[in-house]
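Participant: Structure incoming, see below.
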Amino acid sequence: MTGTAQSSLRAFWAVLGRDVFVTGREMPSFLAQVLVQPVALLFIFGKVLGQLGYTQPGYAQILLPGMIALNSFLVALQNTSFPLVLDFSFSREIEDRLLAPLPITWVAVEKMLFGALRGLFAALLMFPIGLLMLGNVAWDLSGLPFAVLCMVLGSLVGGTVGLTVGAAVPPRRINIMFAVILAPLIFTGASQFPWAQLDQLRWFQIVCAFNPLTYVSEGMRGALLPDVPHMAPWVCLLALLGACVIFGALGIKFFLRRALD
């Protein structure tokens, strides 16, 4: 590795380490941001409706992997896109990043990777919270490694989607964009239901197949609850890798365009 490459790599890890350190200092606000929505959904759908008899026994076990998947994807998306919008508009912090001794493409990758790390951390927090809230959850622990892999890939995909949205959408329209896409992302991502059981709603099943979150939810659910109908693991893996490549390339392209303007 050349001296320039080593210097760029050190700068990359220094910038990433700074962002992680800042997150540690802002931990209470970060936890409130990433846990309120999924914990509320899990409590209402998994606990309240179950005790009232409006959901079938065992539904909470199907729901929890989906909520973990939702947190990994959505937190990564939001924690990449929103800071990026601020950096390019009000704070202008992106100018300091671009002056760092590393390629501009690496600045984009750092933004995406940091958002993915936040998403992964938020998803890991949902494991003990879900087990504590729902009580006895019967998972097949032999599938845990693949579930963790899906969670990591889901966080990376969320980061790449966030990079694409944050770099492509003008700052004045970002709130409108999220108002339009947030609910469809949540409710077409198979986080509340098994995708494979949507045979009677074929059109909705097709719509859900276009949402990358579906493959995170199905991958985790199939790994932890293999008796529940689910997508083939290789389909989930291939779809998530493809989404990483496609949205990663688009995000870097839009980031370079904004950075060089």
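Ordered as shown in the structure tokens, chains take letters A, B, and onward, while each chain numbers its residues from 1 and ligands are numbered from 1 in the order shown.
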Go through segment 218-261 of chain A residue by residue and, counting only C-alpha atoms, keep those with an atom at most 7 Å from segment 192-213 of chain A; for each kept residue give the shortest atom pair and its distance in Å to one decimal, ordered by chain and increasing number, as JSON lines.

Facilitator:
```
{"residue": "A:Glu218", "atom": "CA", "partner": "A:Pro194", "partner_atom": "CA", "distance": 6.9}
{"residue": "A:Pro229", "atom": "CA", "partner": "A:Ala196", "partner_atom": "CA", "distance": 5.8}
{"residue": "A:His230", "atom": "CA", "partner": "A:Ala196", "partner_atom": "CA", "distance": 5.2}
{"residue": "A:Met231", "atom": "CA", "partner": "A:Ala196", "partner_atom": "CA", "distance": 6.4}
{"residue": "A:Leu240", "atom": "CA", "partner": "A:Pro212", "partner_atom": "CA", "distance": 6.7}
{"residue": "A:Ala243", "atom": "CA", "partner": "A:Pro212", "partner_atom": "CA", "distance": 6.9}
```

Participant: Just the residues within 10 Å of segment 32-37 of chain A, please, counting only C-alpha atoms, with nothing from its chain fewer than 5 positions along; format it as a ChimeraX atom specification.

Facilitator: /A:27,42-43,67,71-72,74-76,78-79,118-119,121-123,125-126,129

Participant: Excluding Pro233 of chain A and residues on its chain fewer than 6 positions from it, collect all residues at most 10 Å away from it, counting only C-alpha atoms, and give them as a PDB file with C-alpha atoms, in the first residue's frame.

Facilitator:
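Listing of out.pdb after writing:
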```pdb
ATOM      1  CA  PHE A 146     -27.614 -15.935   9.003  1.00  0.00           C
ATOM      2  CA  ALA A 147     -30.007 -13.611  10.856  1.00  0.00           C
ATOM      3  CA  CYS A 150     -29.157 -10.246   7.096  1.00  0.00           C
ATOM      4  CA  TYR A 215     -35.562  -9.278   2.059  1.00  0.00           C
ATOM      5  CA  GLU A 218     -37.781 -12.495   5.296  1.00  0.00           C
ATOM      6  CA  GLY A 219     -34.146 -13.466   5.754  1.00  0.00           C
ATOM      7  CA  MET A 220     -34.254 -12.937   9.510  1.00  0.00           C
ATOM      8  CA  GLY A 222     -36.667 -17.588   7.873  1.00  0.00           C
ATOM      9  CA  ALA A 223     -33.444 -17.990   9.870  1.00  0.00           C
ATOM     10  CA  ALA A 239     -31.390  -9.270  -3.399  1.00  0.00           C
TER      11      ALA A 239
END
```

Participant: Atom CA of Val169 of chain A and atom CA of Leu120 of chain A are how many Å apart?

Facilitator: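 Between atom CA of Val169 of chain A and atom CA of Leu120 of chain A the gap works out to 24.6 Å.
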
Participant: Measuring atom to atom with only C-alpha atoms, identify which of A:Thr23, A:Val152, A:Lys111, A:Arg257 is nearest to Thr80 of chain A.

Facilitator: A:Lys111

Participant: So which bits of segment 21-201 of chain A end up helix (DSSP H, G or I) when you DSSP the backbone, as a CSV table (one decimal) with N, CA and C atoms, in the first residue's frame?

Facilitator:
```csv
chain,number,residue,atom,x,y,z
A,21,PHE,N,-17.6,8.6,18.1
A,21,PHE,CA,-17.4,9.3,19.4
A,21,PHE,C,-18.5,10.3,19.7
A,22,VAL,N,-18.9,11.1,18.7
A,22,VAL,CA,-20.0,12.1,18.9
A,22,VAL,C,-21.3,11.3,19.2
A,23,THR,N,-21.5,10.2,18.6
A,23,THR,CA,-22.7,9.4,18.9
A,23,THR,C,-22.8,9.0,20.3
A,24,GLY,N,-21.6,8.6,20.8
A,24,GLY,CA,-21.5,8.2,22.2
A,24,GLY,C,-21.9,9.3,23.2
A,25,ARG,N,-21.5,10.5,22.8
A,25,ARG,CA,-21.8,11.7,23.7
A,25,ARG,C,-23.3,12.1,23.6
A,27,MET,N,-25.8,9.9,23.3
A,27,MET,CA,-26.5,8.6,23.3
A,27,MET,C,-27.9,8.7,23.8
A,28,PRO,N,-28.3,9.5,24.8
A,28,PRO,CA,-29.7,9.5,25.2
A,28,PRO,C,-30.6,10.0,24.0
A,29,SER,N,-30.3,11.0,23.3
A,29,SER,CA,-31.1,11.5,22.2
A,29,SER,C,-31.1,10.5,21.1
A,30,PHE,N,-30.0,9.8,20.9
A,30,PHE,CA,-29.9,8.8,19.8
A,30,PHE,C,-30.8,7.6,20.1
A,31,LEU,N,-30.8,7.2,21.4
A,31,LEU,CA,-31.7,6.1,21.8
A,31,LEU,C,-33.2,6.4,21.6
A,32,ALA,N,-33.5,7.6,22.0
A,32,ALA,CA,-34.9,8.1,21.9
A,32,ALA,C,-35.3,8.1,20.4
A,33,GLN,N,-34.4,8.5,19.5
A,33,GLN,CA,-34.7,8.6,18.1
A,33,GLN,C,-34.9,7.3,17.5
A,34,VAL,N,-34.1,6.3,17.9
A,34,VAL,CA,-34.2,5.0,17.2
A,34,VAL,C,-35.0,3.9,17.8
A,35,LEU,N,-35.5,4.1,19.0
A,35,LEU,CA,-36.2,3.1,19.7
A,35,LEU,C,-37.7,3.4,19.9
A,36,VAL,N,-38.1,4.6,19.9
A,36,VAL,CA,-39.5,5.0,20.2
A,36,VAL,C,-40.5,4.3,19.2
A,37,GLN,N,-40.3,4.5,17.9
A,37,GLN,CA,-41.2,4.0,16.9
A,37,GLN,C,-41.2,2.5,16.9
A,38,PRO,N,-40.1,1.8,16.8
A,38,PRO,CA,-40.2,0.3,16.7
A,38,PRO,C,-40.7,-0.3,18.0
A,39,VAL,N,-40.4,0.2,19.2
A,39,VAL,CA,-40.8,-0.3,20.4
A,39,VAL,C,-42.4,-0.1,20.5
A,40,ALA,N,-42.8,1.0,20.1
A,40,ALA,CA,-44.3,1.3,20.1
A,40,ALA,C,-45.0,0.3,19.2
A,41,LEU,N,-44.5,0.1,18.0
A,41,LEU,CA,-45.1,-0.9,17.1
A,41,LEU,C,-45.1,-2.3,17.7
A,42,LEU,N,-44.0,-2.7,18.3
A,42,LEU,CA,-43.9,-4.0,18.8
A,42,LEU,C,-44.9,-4.1,20.0
A,43,PHE,N,-45.0,-3.1,20.8
A,43,PHE,CA,-45.9,-3.2,22.0
A,43,PHE,C,-47.4,-3.3,21.6
A,44,ILE,N,-47.8,-2.5,20.6
A,44,ILE,CA,-49.2,-2.4,20.2
A,44,ILE,C,-49.5,-3.7,19.4
A,45,PHE,N,-48.7,-4.1,18.4
A,45,PHE,CA,-49.1,-5.2,17.6
A,45,PHE,C,-48.7,-6.5,18.3
A,46,GLY,N,-47.6,-6.6,19.0
A,46,GLY,CA,-47.2,-7.8,19.6
A,46,GLY,C,-47.8,-8.1,21.0
A,47,LYS,N,-48.1,-7.1,21.7
A,47,LYS,CA,-48.5,-7.3,23.1
A,47,LYS,C,-50.0,-6.9,23.3
A,48,VAL,N,-50.4,-5.7,23.0
A,48,VAL,CA,-51.7,-5.2,23.3
A,48,VAL,C,-52.7,-6.0,22.4
A,49,LEU,N,-52.6,-6.1,21.1
A,49,LEU,CA,-53.5,-6.7,20.3
A,49,LEU,C,-53.6,-8.2,20.6
A,50,GLY,N,-52.5,-8.8,21.0
A,50,GLY,CA,-52.4,-10.2,21.3
A,50,GLY,C,-53.3,-10.5,22.6
A,51,GLN,N,-53.1,-9.7,23.6
A,51,GLN,CA,-53.8,-9.9,24.8
A,51,GLN,C,-55.3,-9.6,24.7
A,59,TYR,N,-48.1,-14.8,17.0
A,59,TYR,CA,-47.9,-13.7,16.0
A,59,TYR,C,-46.7,-12.8,16.5
A,60,ALA,N,-46.5,-12.6,17.8
A,60,ALA,CA,-45.5,-11.8,18.4
A,60,ALA,C,-44.1,-12.3,17.9
A,61,GLN,N,-44.0,-13.7,17.9
A,61,GLN,CA,-42.7,-14.2,17.5
A,61,GLN,C,-42.4,-13.9,16.0
A,62,ILE,N,-43.5,-13.9,15.2
A,62,ILE,CA,-43.3,-13.5,13.8
A,62,ILE,C,-43.0,-12.1,13.6
A,63,LEU,N,-43.5,-11.2,14.5
A,63,LEU,CA,-43.4,-9.8,14.4
A,63,LEU,C,-42.0,-9.3,14.8
A,64,LEU,N,-41.4,-9.9,15.9
A,64,LEU,CA,-40.1,-9.4,16.4
A,64,LEU,C,-39.0,-9.4,15.4
A,65,PRO,N,-38.7,-10.5,14.7
A,65,PRO,CA,-37.7,-10.4,13.6
A,65,PRO,C,-37.9,-9.3,12.6
A,66,GLY,N,-39.2,-9.0,12.3
A,66,GLY,CA,-39.5,-8.0,11.4
A,66,GLY,C,-39.2,-6.6,12.0
A,67,MET,N,-39.4,-6.4,13.3
A,67,MET,CA,-39.1,-5.1,13.9
A,67,MET,C,-37.6,-4.9,14.0
A,68,ILE,N,-36.9,-6.0,14.2
A,68,ILE,CA,-35.4,-5.9,14.3
A,68,ILE,C,-34.9,-5.5,12.9
A,69,ALA,N,-35.5,-6.1,11.8
A,69,ALA,CA,-35.1,-5.8,10.5
A,69,ALA,C,-35.4,-4.4,10.1
A,70,LEU,N,-36.6,-3.9,10.5
A,70,LEU,CA,-37.1,-2.6,10.3
A,70,LEU,C,-36.1,-1.6,10.9
A,71,ASN,N,-35.7,-1.8,12.1
A,71,ASN,CA,-34.8,-0.9,12.8
A,71,ASN,C,-33.4,-0.8,12.1
A,72,SER,N,-32.9,-2.0,11.7
A,72,SER,CA,-31.6,-2.0,11.0
A,72,SER,C,-31.7,-1.1,9.7
A,73,PHE,N,-32.7,-1.3,9.0
A,73,PHE,CA,-32.8,-0.6,7.7
A,73,PHE,C,-33.2,0.8,7.8
A,74,LEU,N,-34.2,1.1,8.6
A,74,LEU,CA,-34.7,2.5,8.7
A,74,LEU,C,-33.8,3.4,9.4
A,75,VAL,N,-33.2,3.0,10.5
A,75,VAL,CA,-32.3,3.8,11.3
A,75,VAL,C,-31.1,4.2,10.4
A,76,ALA,N,-30.6,3.2,9.7
A,76,ALA,CA,-29.4,3.4,8.8
A,76,ALA,C,-29.8,4.4,7.7
A,77,LEU,N,-31.0,4.3,7.1
A,77,LEU,CA,-31.4,5.2,6.1
A,77,LEU,C,-31.5,6.6,6.6
A,78,GLN,N,-32.2,6.8,7.7
A,78,GLN,CA,-32.4,8.1,8.3
A,78,GLN,C,-31.1,8.8,8.8
A,79,ASN,N,-30.3,8.0,9.4
A,79,ASN,CA,-29.0,8.5,9.9
A,79,ASN,C,-28.0,8.7,8.9
A,80,THR,N,-28.2,8.4,7.7
A,80,THR,CA,-27.4,8.7,6.5
A,80,THR,C,-27.9,9.9,5.8
A,81,SER,N,-29.2,9.9,5.5
A,81,SER,CA,-29.8,10.9,4.7
A,81,SER,C,-29.9,12.3,5.4
A,82,PHE,N,-30.5,12.3,6.6
A,82,PHE,CA,-30.7,13.6,7.3
A,82,PHE,C,-29.4,14.3,7.6
A,83,PRO,N,-28.4,13.7,8.2
A,83,PRO,CA,-27.1,14.4,8.4
A,83,PRO,C,-26.5,14.9,7.1
A,84,LEU,N,-26.7,14.1,6.0
A,84,LEU,CA,-26.1,14.5,4.7
A,84,LEU,C,-26.8,15.8,4.2
A,85,VAL,N,-28.1,15.8,4.3
A,85,VAL,CA,-28.9,17.0,3.9
A,85,VAL,C,-28.4,18.2,4.7
A,86,LEU,N,-28.2,18.1,6.0
A,86,LEU,CA,-27.7,19.2,6.8
A,86,LEU,C,-26.3,19.6,6.4
A,87,ASP,N,-25.5,18.6,6.1
A,87,ASP,CA,-24.1,18.9,5.8
A,87,ASP,C,-24.0,19.7,4.5
A,88,PHE,N,-24.9,19.4,3.5
A,88,PHE,CA,-24.9,20.1,2.2
A,88,PHE,C,-25.6,21.4,2.2
A,94,ILE,N,-19.9,19.5,5.3
A,94,ILE,CA,-19.4,18.7,4.3
A,94,ILE,C,-18.1,19.3,3.7
A,95,GLU,N,-18.0,20.6,3.8
A,95,GLU,CA,-16.8,21.3,3.2
A,95,GLU,C,-15.5,20.9,4.0
A,96,ASP,N,-15.7,20.7,5.3
A,96,ASP,CA,-14.5,20.2,6.1
A,96,ASP,C,-14.2,18.8,5.8
A,97,ARG,N,-15.2,18.0,5.5
A,97,ARG,CA,-15.0,16.6,5.1
A,97,ARG,C,-14.2,16.5,3.8
A,98,LEU,N,-14.7,17.3,2.9
A,98,LEU,CA,-14.1,17.3,1.5
A,98,LEU,C,-12.6,17.8,1.5
A,104,ILE,N,-12.9,11.9,-2.5
A,104,ILE,CA,-14.3,12.3,-2.3
A,104,ILE,C,-15.2,11.1,-2.2
A,105,THR,N,-14.9,10.1,-3.0
A,105,THR,CA,-15.7,8.8,-2.9
A,105,THR,C,-15.7,8.2,-1.5
A,106,TRP,N,-14.5,8.3,-0.8
A,106,TRP,CA,-14.4,7.7,0.5
A,106,TRP,C,-15.2,8.5,1.5
A,107,VAL,N,-15.4,9.8,1.3
A,107,VAL,CA,-16.2,10.6,2.2
A,107,VAL,C,-17.7,10.1,2.1
A,108,ALA,N,-18.1,9.8,0.9
A,108,ALA,CA,-19.5,9.2,0.7
A,108,ALA,C,-19.6,7.9,1.4
A,109,VAL,N,-18.6,7.0,1.2
A,109,VAL,CA,-18.6,5.7,1.8
A,109,VAL,C,-18.6,5.8,3.4
A,110,GLU,N,-17.9,6.8,3.9
A,110,GLU,CA,-17.8,7.0,5.4
A,110,GLU,C,-19.2,7.3,5.9
A,111,LYS,N,-19.9,8.2,5.1
A,111,LYS,CA,-21.3,8.6,5.5
A,111,LYS,C,-22.2,7.4,5.5
A,112,MET,N,-22.1,6.6,4.5
A,112,MET,CA,-23.0,5.4,4.4
A,112,MET,C,-22.6,4.4,5.5
A,113,LEU,N,-21.3,4.2,5.7
A,113,LEU,CA,-20.9,3.2,6.7
A,113,LEU,C,-21.3,3.6,8.1
A,114,PHE,N,-21.2,4.9,8.4
A,114,PHE,CA,-21.5,5.4,9.7
A,114,PHE,C,-23.1,5.2,10.0
A,115,GLY,N,-23.9,5.6,9.0
A,115,GLY,CA,-25.3,5.3,9.1
A,115,GLY,C,-25.6,3.9,9.3
A,116,ALA,N,-24.9,3.0,8.6
A,116,ALA,CA,-25.1,1.6,8.7
A,116,ALA,C,-24.7,1.1,10.1
A,117,LEU,N,-23.7,1.6,10.7
A,117,LEU,CA,-23.3,1.2,12.0
A,117,LEU,C,-24.4,1.6,13.1
A,118,ARG,N,-24.9,2.8,12.9
A,118,ARG,CA,-26.0,3.2,13.7
A,118,ARG,C,-27.2,2.3,13.6
A,119,GLY,N,-27.6,1.9,12.3
A,119,GLY,CA,-28.7,1.0,12.1
A,119,GLY,C,-28.4,-0.4,12.8
A,120,LEU,N,-27.2,-0.9,12.6
A,120,LEU,CA,-26.9,-2.2,13.2
A,120,LEU,C,-27.0,-2.1,14.7
A,121,PHE,N,-26.5,-1.0,15.3
A,121,PHE,CA,-26.6,-0.9,16.8
A,121,PHE,C,-28.0,-0.8,17.3
A,122,ALA,N,-28.8,-0.1,16.5
A,122,ALA,CA,-30.2,0.1,16.9
A,122,ALA,C,-31.0,-1.3,16.8
A,123,ALA,N,-30.6,-2.1,15.7
A,123,ALA,CA,-31.2,-3.4,15.6
A,123,ALA,C,-30.8,-4.3,16.7
A,124,LEU,N,-29.5,-4.3,17.1
A,124,LEU,CA,-29.1,-5.1,18.2
A,124,LEU,C,-29.8,-4.8,19.5
A,125,LEU,N,-30.1,-3.5,19.7
A,125,LEU,CA,-30.8,-3.1,20.9
A,125,LEU,C,-32.2,-3.8,21.0
A,126,MET,N,-32.8,-4.0,19.8
A,126,MET,CA,-34.2,-4.6,19.8
A,126,MET,C,-34.3,-6.0,20.3
A,127,PHE,N,-33.2,-6.8,20.2
A,127,PHE,CA,-33.2,-8.1,20.7
A,127,PHE,C,-33.6,-8.2,22.2
A,128,PRO,N,-32.8,-7.6,23.1
A,128,PRO,CA,-33.2,-7.7,24.5
A,128,PRO,C,-34.5,-7.0,24.8
A,129,ILE,N,-34.8,-5.9,24.2
A,129,ILE,CA,-36.0,-5.2,24.4
A,129,ILE,C,-37.2,-6.1,24.0
A,130,GLY,N,-37.1,-6.7,22.8
A,130,GLY,CA,-38.2,-7.6,22.4
A,130,GLY,C,-38.4,-8.8,23.2
A,131,LEU,N,-37.3,-9.4,23.7
A,131,LEU,CA,-37.4,-10.6,24.5
A,131,LEU,C,-38.0,-10.2,25.9
A,132,LEU,N,-37.6,-9.0,26.4
A,132,LEU,CA,-38.1,-8.6,27.7
A,132,LEU,C,-39.6,-8.3,27.6
A,133,MET,N,-40.0,-7.6,26.5
A,133,MET,CA,-41.4,-7.2,26.3
A,133,MET,C,-42.4,-8.4,26.0
A,134,LEU,N,-41.9,-9.3,25.2
A,134,LEU,CA,-42.8,-10.4,24.7
A,134,LEU,C,-42.7,-11.7,25.6
A,141,LEU,N,-32.0,-21.1,17.3
A,141,LEU,CA,-30.7,-20.3,17.4
A,141,LEU,C,-29.7,-20.8,16.4
A,142,SER,N,-29.9,-21.9,15.8
A,142,SER,CA,-28.9,-22.4,14.8
A,142,SER,C,-28.9,-21.4,13.6
A,143,GLY,N,-30.0,-20.7,13.4
A,143,GLY,CA,-30.1,-19.7,12.3
A,143,GLY,C,-29.6,-18.4,12.6
A,144,LEU,N,-29.1,-18.2,13.9
A,144,LEU,CA,-28.7,-16.8,14.3
A,144,LEU,C,-27.6,-16.2,13.5
A,145,PRO,N,-26.6,-17.0,13.0
A,145,PRO,CA,-25.6,-16.4,12.2
A,145,PRO,C,-26.1,-15.8,10.9
A,146,PHE,N,-27.0,-16.5,10.2
A,146,PHE,CA,-27.6,-15.9,9.0
A,146,PHE,C,-28.5,-14.7,9.3
A,147,ALA,N,-29.2,-14.8,10.5
A,147,ALA,CA,-30.0,-13.6,10.9
A,147,ALA,C,-29.1,-12.4,11.1
A,148,VAL,N,-28.0,-12.6,11.7
A,148,VAL,CA,-27.0,-11.5,11.9
A,148,VAL,C,-26.5,-10.9,10.6
A,149,LEU,N,-26.2,-11.9,9.7
A,149,LEU,CA,-25.8,-11.5,8.3
A,149,LEU,C,-26.8,-10.6,7.6
A,150,CYS,N,-28.1,-11.0,7.7
A,150,CYS,CA,-29.2,-10.2,7.1
A,150,CYS,C,-29.3,-8.9,7.8
A,151,MET,N,-29.1,-8.8,9.1
A,151,MET,CA,-29.2,-7.6,9.8
A,151,MET,C,-28.0,-6.6,9.3
A,152,VAL,N,-26.8,-7.2,9.2
A,152,VAL,CA,-25.7,-6.4,8.7
A,152,VAL,C,-25.9,-5.8,7.3
A,153,LEU,N,-26.4,-6.7,6.4
A,153,LEU,CA,-26.7,-6.3,5.0
A,153,LEU,C,-27.8,-5.3,5.0
A,154,GLY,N,-28.8,-5.5,5.8
A,154,GLY,CA,-30.0,-4.6,5.9
A,154,GLY,C,-29.5,-3.2,6.3
A,155,SER,N,-28.6,-3.1,7.3
A,155,SER,CA,-28.0,-1.9,7.7
A,155,SER,C,-27.3,-1.2,6.5
A,156,LEU,N,-26.5,-2.0,5.8
A,156,LEU,CA,-25.7,-1.5,4.7
A,156,LEU,C,-26.6,-1.0,3.6
A,157,VAL,N,-27.7,-1.7,3.3
A,157,VAL,CA,-28.6,-1.3,2.2
A,157,VAL,C,-29.3,0.0,2.7
A,158,GLY,N,-29.7,0.0,4.0
A,158,GLY,CA,-30.4,1.3,4.5
A,158,GLY,C,-29.4,2.4,4.3
A,159,GLY,N,-28.1,2.2,4.6
A,159,GLY,CA,-27.2,3.3,4.5
A,159,GLY,C,-27.0,3.8,3.0
A,160,THR,N,-27.0,2.8,2.1
A,160,THR,CA,-26.8,3.2,0.7
A,160,THR,C,-28.1,3.9,0.1
A,161,VAL,N,-29.3,3.5,0.6
A,161,VAL,CA,-30.5,4.1,0.2
A,161,VAL,C,-30.5,5.6,0.8
A,162,GLY,N,-30.1,5.7,2.0
A,162,GLY,CA,-30.0,7.0,2.7
A,162,GLY,C,-29.0,7.9,2.0
A,163,LEU,N,-27.9,7.4,1.5
A,163,LEU,CA,-26.9,8.2,0.8
A,163,LEU,C,-27.5,8.6,-0.5
A,164,THR,N,-28.3,7.8,-1.2
A,164,THR,CA,-28.9,8.2,-2.5
A,164,THR,C,-30.0,9.2,-2.3
A,165,VAL,N,-30.8,9.1,-1.3
A,165,VAL,CA,-31.9,10.0,-1.0
A,165,VAL,C,-31.3,11.4,-0.5
A,166,GLY,N,-30.3,11.3,0.4
A,166,GLY,CA,-29.7,12.5,1.0
A,166,GLY,C,-29.0,13.3,0.0
A,167,ALA,N,-28.3,12.7,-1.0
A,167,ALA,CA,-27.6,13.4,-2.0
A,167,ALA,C,-28.4,13.8,-3.2
A,168,ALA,N,-29.5,13.1,-3.5
A,168,ALA,CA,-30.3,13.4,-4.7
A,168,ALA,C,-31.4,14.4,-4.5
A,171,PRO,N,-32.5,19.9,-0.3
A,171,PRO,CA,-32.8,20.1,1.2
A,171,PRO,C,-34.2,20.6,1.5
A,172,ARG,N,-34.8,21.5,0.6
A,172,ARG,CA,-36.1,22.0,0.9
A,172,ARG,C,-37.2,21.0,0.7
A,173,ARG,N,-36.9,19.9,0.1
A,173,ARG,CA,-37.9,18.9,-0.3
A,173,ARG,C,-37.7,17.6,0.5
A,174,ILE,N,-36.7,17.5,1.4
A,174,ILE,CA,-36.4,16.3,2.1
A,174,ILE,C,-37.6,15.8,3.0
A,175,ASN,N,-38.2,16.8,3.7
A,175,ASN,CA,-39.3,16.5,4.6
A,175,ASN,C,-40.5,15.9,3.8
A,176,ILE,N,-40.8,16.5,2.6
A,176,ILE,CA,-41.9,16.0,1.7
A,176,ILE,C,-41.5,14.6,1.3
A,177,MET,N,-40.3,14.4,0.9
A,177,MET,CA,-39.8,13.1,0.4
A,177,MET,C,-40.1,12.0,1.5
A,178,PHE,N,-39.7,12.3,2.7
A,178,PHE,CA,-39.9,11.3,3.7
A,178,PHE,C,-41.3,11.1,4.1
A,179,ALA,N,-42.1,12.1,4.0
A,179,ALA,CA,-43.5,12.0,4.3
A,179,ALA,C,-44.2,11.1,3.3
A,180,VAL,N,-43.6,11.1,2.0
A,180,VAL,CA,-44.2,10.3,1.0
A,180,VAL,C,-43.7,8.8,1.0
A,181,ILE,N,-42.4,8.6,1.4
A,181,ILE,CA,-41.8,7.3,1.2
A,181,ILE,C,-41.8,6.5,2.6
A,182,LEU,N,-41.9,7.2,3.7
A,182,LEU,CA,-41.6,6.5,5.0
A,182,LEU,C,-42.7,5.4,5.3
A,183,ALA,N,-44.0,5.8,5.2
A,183,ALA,CA,-45.0,4.8,5.5
A,183,ALA,C,-45.0,3.7,4.5
A,184,PRO,N,-44.9,3.9,3.2
A,184,PRO,CA,-44.8,2.8,2.3
A,184,PRO,C,-43.6,1.9,2.5
A,185,LEU,N,-42.5,2.4,2.9
A,185,LEU,CA,-41.3,1.6,3.2
A,185,LEU,C,-41.6,0.7,4.4
A,186,ILE,N,-42.3,1.3,5.5
A,186,ILE,CA,-42.5,0.5,6.7
A,186,ILE,C,-43.5,-0.6,6.4
A,187,PHE,N,-44.6,-0.3,5.7
A,187,PHE,CA,-45.7,-1.2,5.6
A,187,PHE,C,-45.7,-2.1,4.3
A,195,TRP,N,-44.0,-12.5,3.9
A,195,TRP,CA,-44.2,-12.2,2.5
A,195,TRP,C,-44.8,-13.4,1.8
A,196,ALA,N,-44.3,-14.6,2.1
A,196,ALA,CA,-44.7,-15.8,1.4
A,196,ALA,C,-46.2,-16.2,1.5
A,197,GLN,N,-46.8,-15.6,2.5
A,197,GLN,CA,-48.3,-15.9,2.8
A,197,GLN,C,-49.2,-14.9,2.1
A,199,ASP,N,-50.3,-14.9,-0.9
A,199,ASP,CA,-50.7,-15.4,-2.2
A,199,ASP,C,-52.1,-14.9,-2.6
A,200,GLN,N,-52.9,-14.6,-1.6
A,200,GLN,CA,-54.3,-14.1,-1.9
A,200,GLN,C,-54.3,-12.6,-2.3
A,201,LEU,N,-53.2,-11.9,-2.0
A,201,LEU,CA,-53.0,-10.5,-2.4
A,201,LEU,C,-51.7,-10.4,-3.3
```

Participant: Just to confirm, what's the straight-line distance from atom CA of Ala190 of chain A to atom CA of Phe247 of chain A in Å (one decimal)?

Facilitator: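 A separation of 20.2 Å between them.
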
Participant: Take atom CA of Ala11 of chain A and atom CA of Gly242 of chain A and report the distance between them in Å, one decimal.

Facilitator: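 Atom CA of Gly242 of chain A lies at a distance of 28.7 Å from atom CA of Ala11 of chain A.
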